[in-house]
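Trainee: Before I ask anything, here is the structure I am working with.
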Amino acid sequence: MLVNWEFAETLFDLYIPQPTEISQTTSDPNVTVTSGITSSNFVFLHFAYSELRNVATDANPSGSARRTALFSDQKYNPSLWGTLVRQSLLLLGQDYQTLLRRGEPAPPVPSAPVSTPSTPKPPNPPPSTPILRQPIYKPPQESPLSRILNTFASDSELSKATDEVAAEVEAIAKDVQVPELFRSVASTATSAIPSSTAVAIQKPAATTSAFTTRLQQEYGGLLVRYAPVYLRDVMSRVNEWWTRERIHKRAEISLPRRELDVLIIDSLSALVCASLAEDRYGVVQRDIPRILEALLSFLAAVEDYQNEVRVLYVPPTPDELTGGNRKMLHEKERTRVEVAKASEVLSVVGDALKSGISDIVRTFGDKLSAFKFPPKTAKKLQGFVDYI
């Protein structure tokens, strides 16, 4: 049973990842491949670019006919070649940015401030004669009896003066240390009732991270205080192994789609090289400067990362080798292995970029002088021209 399971899994791992060409079974193979490379599914992208690389490197007349039809397409807007090169450079640009960030997620895009529309200023009113809003007739004289009755009314001057005096006394009483017994029963009852519009007091919620940190500190203190020496040594090694950053893992995170990048680079470089003889209208030649600029920028970023990784390993000196410090020698050997693995990961894309750029330079030769490049790109490209 176990042998059958292992055999079936081996066949699955061997044959399922093999690229399957399906575009030739359709009415227009170039349209099928182009639609495949615009997919958001990584599996479809991998298979589509695998087939595109086979088409780009096919030396048979059938492959040449397909490339000529791809370059001279005028039925679609944008054209098949325009869609292909734009999508390919977009994918390479995304992976280039990921490499520059060393695998860290992209920072959030700051939201644009919401601009409040300004209210227009109302126009000035036209000049007019001011209106007199006071009584123009002499008020009738009140009788003595009416004056006496108005004095005891609720809106009389005496009532207003009484209210003002009561408010002033209440304000002074707040500042004086008066026993609660003598305060107003109504005000006490009102203050005891919570208002419906009052904001609830927010208590700081205890986070899980703080609890975990406290638990680790307490556990570490007990371990240092009561555990034997060998157990403390083992736990220290386990903690270091668990928390330390692997150099090669960081390189793998920085180039998560390196196999797809290699397919894109091989396809673009082969199509550009084939366009010199098969592009009738010069469609590809218009995109050669930005293709080379993208490839050279990507190569410069890979080489910078390779230089950063390479300096992380310092070989042990003869004195260190004879000193017998096993822990230090073990750490240096571990660093050497991780640096070697990281270099292999970066070389996957770096070698493909160097090979693709070299093929384009070797194919076009002196004809590249007809294109205009930025100074930094031209300097990098001149190194390939001098080498070849």
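Going through the structure tokens in order, the chains are called A, B, and so on, while each chain numbers its residues from 1 and the ligands are numbered from 1 in the order shown.
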Excluding region 232-236 of chain A and residues on its chain fewer than 5 positions from it, collect all residues at most 12 Å away from it, counting only C-alpha atoms, and give them as number ranges by chain.
Mentor: A: 219-227, 241-244
Trainee: Go ahead and save the picked residues with C-alpha atoms, as a CSV table (one decimal), in the first residue's frame.
Mentor:
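Written file, part.csv:
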chain,number,residue,atom,x,y,z
A,219,TYR,CA,9.0,31.5,31.8
A,220,GLY,CA,12.4,32.6,30.8
A,221,GLY,CA,13.1,33.9,34.3
A,222,LEU,CA,12.1,30.6,35.9
A,223,LEU,CA,14.1,28.7,33.4
A,224,VAL,CA,17.3,30.7,34.1
A,225,ARG,CA,16.7,30.4,37.8
A,226,TYR,CA,15.9,26.8,38.3
A,227,ALA,CA,16.8,24.8,35.1
A,241,TRP,CA,17.0,28.5,15.8
A,242,TRP,CA,13.3,29.5,16.0
A,243,THR,CA,13.7,33.3,15.8
A,244,ARG,CA,16.8,33.9,13.7
Trainee: Find the residues around Thr34 (chain A) up to 9 Å (only C-alpha atoms counted), leave out those fewer than 4 positions away in its own chain, and share them as a ChimeraX atom specification.
Mentor: /A:29-30,38,48,52,80-81,83-84
Trainee: Could the residues in this selection be written to a file with N, CA, C and O atoms, as an mmCIF file, in the first residue's frame?
Mentor:
data_model
loop_
_atom_site.group_PDB
_atom_site.id
_atom_site.type_symbol
_atom_site.label_atom_id
_atom_site.label_comp_id
_atom_site.auth_asym_id
_atom_site.auth_seq_id
_atom_site.Cartn_x
_atom_site.Cartn_y
_atom_site.Cartn_z
ATOM 1 N N PRO A 29 -4.009 30.436 -32.494
ATOM 2 C CA PRO A 29 -3.109 30.116 -31.378
ATOM 3 C C PRO A 29 -2.518 31.355 -30.699
ATOM 4 O O PRO A 29 -2.361 31.363 -29.475
ATOM 5 N N ASN A 30 -2.198 32.384 -31.465
ATOM 6 C CA ASN A 30 -1.592 33.572 -30.861
ATOM 7 C C ASN A 30 -2.553 34.279 -29.902
ATOM 8 O O ASN A 30 -2.143 34.784 -28.853
ATOM 9 N N THR A 38 -2.493 37.035 -19.776
ATOM 10 C CA THR A 38 -3.209 38.090 -19.050
ATOM 11 C C THR A 38 -4.048 37.541 -17.907
ATOM 12 O O THR A 38 -4.770 38.305 -17.260
ATOM 13 N N ALA A 48 1.146 29.371 -19.923
ATOM 14 C CA ALA A 48 1.093 30.250 -21.097
ATOM 15 C C ALA A 48 2.484 30.740 -21.483
ATOM 16 O O ALA A 48 2.849 30.730 -22.671
ATOM 17 N N LEU A 52 4.706 30.141 -24.784
ATOM 18 C CA LEU A 52 5.217 31.285 -25.525
ATOM 19 C C LEU A 52 6.733 31.181 -25.728
ATOM 20 O O LEU A 52 7.242 31.547 -26.799
ATOM 21 N N LEU A 80 -1.823 42.302 -30.477
ATOM 22 C CA LEU A 80 -1.375 41.162 -29.674
ATOM 23 C C LEU A 80 0.020 41.410 -29.099
ATOM 24 O O LEU A 80 0.287 41.091 -27.933
ATOM 25 N N TRP A 81 0.913 41.968 -29.913
ATOM 26 C CA TRP A 81 2.259 42.235 -29.398
ATOM 27 C C TRP A 81 2.237 43.317 -28.310
ATOM 28 O O TRP A 81 2.941 43.223 -27.311
ATOM 29 N N THR A 83 -0.205 43.981 -26.201
ATOM 30 C CA THR A 83 -0.716 43.363 -24.974
ATOM 31 C C THR A 83 0.329 42.461 -24.338
ATOM 32 O O THR A 83 0.513 42.452 -23.115
ATOM 33 N N LEU A 84 1.039 41.710 -25.174
ATOM 34 C CA LEU A 84 2.041 40.772 -24.665
ATOM 35 C C LEU A 84 3.184 41.499 -23.960
ATOM 36 O O LEU A 84 3.565 41.154 -22.829
#
Trainee: As an exercise, work out the distance from CA of Leu346 (chain A) to CA of Ala300 (chain A) in Å and give it to one decimal place.
Mentor: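 Result for CA of Leu346 (chain A) versus CA of Ala300 (chain A): 11.8 Å, one decimal.
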Trainee: Between A:Val31, A:Val238, A:Ala301, A:Leu260, which one has atoms that come closest to His46 (chain A), using only C-alpha atoms?
Mentor: A:Leu260
Trainee: One decimal, Å: what's the distance from CA of Ala59 (chain A) over to CA of Gly36 (chain A), could you say?
Mentor: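 Computing the Euclidean distance for CA of Ala59 (chain A) and CA of Gly36 (chain A) yields 22.7 Å.
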Trainee: May I ask for the distance between CA of Glu331 (chain A) and CA of Ser347 (chain A), given in Å to one decimal place?
Mentor: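 Those two atoms sit 24.0 Å apart.
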Trainee: I need the residue nearest Ala65 (chain A) from this list: A:Thr212, A:Arg258, A:Glu6, A:Ser275. Use only C-alpha atoms for the distance.
Mentor: A:Ser275
